[in-house]
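> Handing you this structure, nothing more for now.
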Amino acid sequence: MKNITEKLIYIVVISTTIFNTINLKSVAEVSTFTSQSNPKTTLIAQTETNSFVGVGHTTKGGYNIVTENGQQYLELNESFRTDRGPDLFVLLHRQSVPQTYTESDFVSLGRLEKFRGSQRYLIPAGEDLTEFNSIVIWCRRFNVTFGYASLLVENSKSNLSP
């Protein structure tokens, strides 16, 4: 039994090492992983802990995009942080590095709920995530990008499972 346990530990260590060497800074990991805690949740996109790039203000952290009960959600993870500011919104933006904010450039997911920690935003039904290239924290009042993260999702509509 001890020999089997040692082999399993060795496999886990090797697998973890290989996974940790993959660079996810500029590319989102795409999978159709079903959560064990909630079998109706499907992971569509995931980034490493620090995928946000601060522009006008310090912004950092990572995100997941999941499908749950037929609806898509953006989840900012526990490591998410941004500076305080008025009138902050979470957007899906068509530009990789957001520079303009006309109505055709983005879809708003709503006001930023809090400046740090995990939070969840409903992605409007029918939105094709492959049409967007970034997730943005934006100050509407002063038209300032606080930060953004790359969004690379392949065939998001095909990843929706009932």
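Letters A, B, ... go to the chains of the structure tokens in the order shown; residues in each chain start at 1; ligands are counted from 1 in the same order.
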Which residues are close to range 76-88 of chain A, i.e. within 9 Å by only C-alpha atoms, leaving aside same-chain residues fewer than 3 positions away? Reply as a VMD selection string.

chain A and resid 49 to 50 52 54 57 to 65 110 to 121 137 to 142 146 to 147

> Store the residues of this selection in a file with N, CA and C atoms, as a short mmCIF file (atom, residue, chain, number, x, y, z; two decimals), in the first residue's frame.


```cif
data_model
loop_
_atom_site.label_atom_id
_atom_site.label_comp_id
_atom_site.auth_asym_id
_atom_site.auth_seq_id
_atom_site.Cartn_x
_atom_site.Cartn_y
_atom_site.Cartn_z
N THR A 49 -4.16 33.87 -11.34
CA THR A 49 -4.52 34.81 -10.29
C THR A 49 -4.36 36.27 -10.71
N ASN A 50 -3.29 36.62 -11.42
CA ASN A 50 -3.06 38.03 -11.72
C ASN A 50 -3.12 38.29 -13.22
N PHE A 52 -5.39 40.68 -14.60
CA PHE A 52 -5.77 42.06 -14.88
C PHE A 52 -4.54 42.95 -14.98
N GLY A 54 -3.41 46.88 -14.73
CA GLY A 54 -3.82 48.21 -14.30
C GLY A 54 -3.47 49.23 -15.36
N HIS A 57 -5.40 52.96 -12.86
CA HIS A 57 -5.30 52.68 -11.43
C HIS A 57 -4.87 51.22 -11.25
N THR A 58 -4.33 50.91 -10.09
CA THR A 58 -3.93 49.54 -9.81
C THR A 58 -5.15 48.63 -9.86
N THR A 59 -5.07 47.62 -10.69
CA THR A 59 -6.12 46.62 -10.80
C THR A 59 -5.45 45.28 -11.01
N LYS A 60 -5.81 44.28 -10.22
CA LYS A 60 -5.19 42.96 -10.36
C LYS A 60 -6.15 41.88 -9.92
N GLY A 61 -5.82 40.66 -10.26
CA GLY A 61 -6.65 39.52 -9.90
C GLY A 61 -6.97 38.69 -11.13
N GLY A 62 -7.78 37.69 -10.94
CA GLY A 62 -8.16 36.79 -12.03
C GLY A 62 -9.65 36.63 -12.11
N TYR A 63 -10.07 35.81 -13.07
CA TYR A 63 -11.50 35.60 -13.26
C TYR A 63 -11.77 34.20 -13.80
N ASN A 64 -13.02 33.81 -13.71
CA ASN A 64 -13.56 32.62 -14.36
C ASN A 64 -14.82 33.05 -15.09
N ILE A 65 -15.13 32.35 -16.16
CA ILE A 65 -16.44 32.48 -16.78
C ILE A 65 -17.06 31.10 -16.73
N GLY A 110 -22.73 45.58 -15.36
CA GLY A 110 -23.25 46.27 -14.18
C GLY A 110 -22.18 47.00 -13.39
N ARG A 111 -22.62 47.66 -12.36
CA ARG A 111 -21.69 48.39 -11.47
C ARG A 111 -20.79 47.41 -10.74
N LEU A 112 -19.54 47.80 -10.53
CA LEU A 112 -18.62 46.99 -9.72
C LEU A 112 -19.20 46.89 -8.32
N GLU A 113 -19.38 45.67 -7.83
CA GLU A 113 -20.01 45.45 -6.53
C GLU A 113 -19.12 45.87 -5.37
N LYS A 114 -17.82 45.58 -5.48
CA LYS A 114 -16.88 45.95 -4.41
C LYS A 114 -15.48 46.04 -4.99
N PHE A 115 -14.58 46.70 -4.28
CA PHE A 115 -13.25 46.99 -4.79
C PHE A 115 -12.26 45.83 -4.62
N ARG A 116 -12.65 44.82 -3.87
CA ARG A 116 -11.77 43.67 -3.67
C ARG A 116 -12.58 42.42 -3.37
N GLY A 117 -11.98 41.29 -3.76
CA GLY A 117 -12.59 40.01 -3.44
C GLY A 117 -13.48 39.46 -4.53
N SER A 118 -13.98 38.26 -4.26
CA SER A 118 -14.78 37.55 -5.25
C SER A 118 -16.16 38.20 -5.41
N GLN A 119 -16.63 38.17 -6.65
CA GLN A 119 -17.93 38.73 -7.00
C GLN A 119 -18.36 38.12 -8.33
N ARG A 120 -19.65 38.16 -8.59
CA ARG A 120 -20.21 37.46 -9.75
C ARG A 120 -21.15 38.38 -10.52
N TYR A 121 -21.05 38.32 -11.87
CA TYR A 121 -21.86 39.16 -12.75
C TYR A 121 -22.52 38.30 -13.82
N ILE A 137 -12.58 47.06 -16.10
CA ILE A 137 -13.09 47.85 -14.98
C ILE A 137 -12.96 49.30 -15.43
N TRP A 138 -14.09 49.97 -15.56
CA TRP A 138 -14.14 51.30 -16.19
C TRP A 138 -14.89 52.29 -15.32
N CYS A 139 -14.34 53.50 -15.21
CA CYS A 139 -15.00 54.60 -14.52
C CYS A 139 -15.79 55.40 -15.55
N ARG A 140 -17.11 55.28 -15.48
CA ARG A 140 -17.97 55.96 -16.46
C ARG A 140 -17.91 57.48 -16.29
N ARG A 141 -17.91 57.95 -15.06
CA ARG A 141 -17.94 59.39 -14.81
C ARG A 141 -16.77 60.12 -15.46
N PHE A 142 -15.56 59.55 -15.35
CA PHE A 142 -14.37 60.21 -15.89
C PHE A 142 -13.83 59.53 -17.14
N PHE A 146 -9.73 51.61 -15.47
CA PHE A 146 -8.95 51.27 -14.28
C PHE A 146 -8.04 50.08 -14.59
N GLY A 147 -8.57 49.09 -15.30
CA GLY A 147 -7.78 47.92 -15.66
C GLY A 147 -8.57 47.01 -16.58
#
```

> Give me the residues near Gln95 in chain A as a short mmCIF file (atom, residue, chain, number, x, y, z; two decimals) with C-alpha atoms, in the first residue's frame, where near means some atom within 8 Å (using only C-alpha atoms) and where sequence neighbours in that chain fewer than 6 positions away do not count.


```cif
data_model
loop_
_atom_site.label_atom_id
_atom_site.label_comp_id
_atom_site.auth_asym_id
_atom_site.auth_seq_id
_atom_site.Cartn_x
_atom_site.Cartn_y
_atom_site.Cartn_z
CA ASP A 105 -17.62 48.79 -28.16
CA PHE A 132 -15.24 40.24 -26.98
CA ASN A 133 -11.51 40.51 -26.32
CA SER A 134 -11.28 41.89 -22.80
#
```

> Could you tell me how far CA of Thr67 in chain A sits from CA of Tyr148 in chain A, in Å to one decimal place?

21.6 Å

> When you count only C-alpha atoms, which of these residues is closest to His93 in chain A: A:Leu129, A:Ile44, A:Leu74, A:Val144?

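Comparing A:Leu129, A:Ile44, A:Leu74, A:Val144 against His93 in chain A, the winner is A:Leu129.
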
> Run DSSP on the backbone and give me the residues of range 75-133 of chain A it puts in helix (DSSP H, G or I), as a PyMOL selection string.

chain A and resi 103-105+129-131

> Next, the residues of the selection above should be written as a PDB file, in the first residue's frame with N, CA, C and O atoms.


```pdb
ATOM      1  N   GLU A 103     -21.217  52.855 -27.403  1.00  0.00           N
ATOM      2  CA  GLU A 103     -22.132  51.749 -27.093  1.00  0.00           C
ATOM      3  C   GLU A 103     -21.824  50.478 -27.876  1.00  0.00           C
ATOM      4  O   GLU A 103     -22.055  49.374 -27.390  1.00  0.00           O
ATOM      5  N   SER A 104     -21.290  50.611 -29.065  1.00  0.00           N
ATOM      6  CA  SER A 104     -21.001  49.429 -29.880  1.00  0.00           C
ATOM      7  C   SER A 104     -19.704  48.728 -29.458  1.00  0.00           C
ATOM      8  O   SER A 104     -19.433  47.617 -29.900  1.00  0.00           O
ATOM      9  N   ASP A 105     -18.904  49.365 -28.587  1.00  0.00           N
ATOM     10  CA  ASP A 105     -17.618  48.794 -28.163  1.00  0.00           C
ATOM     11  C   ASP A 105     -17.740  47.775 -27.039  1.00  0.00           C
ATOM     12  O   ASP A 105     -16.842  46.968 -26.854  1.00  0.00           O
ATOM     13  N   LEU A 129     -19.494  35.350 -26.425  1.00  0.00           N
ATOM     14  CA  LEU A 129     -18.232  35.791 -25.820  1.00  0.00           C
ATOM     15  C   LEU A 129     -17.088  35.854 -26.816  1.00  0.00           C
ATOM     16  O   LEU A 129     -16.103  36.558 -26.582  1.00  0.00           O
ATOM     17  N   THR A 130     -17.189  35.148 -27.930  1.00  0.00           N
ATOM     18  CA  THR A 130     -16.113  35.196 -28.929  1.00  0.00           C
ATOM     19  C   THR A 130     -16.044  36.559 -29.611  1.00  0.00           C
ATOM     20  O   THR A 130     -15.063  36.862 -30.288  1.00  0.00           O
ATOM     21  N   GLU A 131     -17.055  37.402 -29.433  1.00  0.00           N
ATOM     22  CA  GLU A 131     -17.045  38.753 -30.005  1.00  0.00           C
ATOM     23  C   GLU A 131     -16.311  39.760 -29.118  1.00  0.00           C
ATOM     24  O   GLU A 131     -16.142  40.914 -29.504  1.00  0.00           O
TER      25      GLU A 131
END
```

> If I take CA of Ser150 in chain A and CA of Leu109 in chain A, how far is one from the other in Å, to one decimal?

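For CA of Ser150 in chain A relative to CA of Leu109 in chain A, the distance reads 16.1 Å.
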
> What are the DSSP strand (DSSP E or B) residues of range 92-160 of chain A, as a list of chain:residue names?

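Here is the list: A:Leu92, A:His93, A:Phe106, A:Val107, A:Ser108, A:Leu109, A:Gly110, A:Arg111, A:Arg116, A:Gln119, A:Arg120, A:Tyr121, A:Leu122, A:Ile123, A:Ser134, A:Ile135, A:Val136, A:Ile137, A:Trp138, A:Cys139, A:Val144, A:Thr145, A:Phe146, A:Gly147, A:Tyr148, A:Ala149, A:Ser150.
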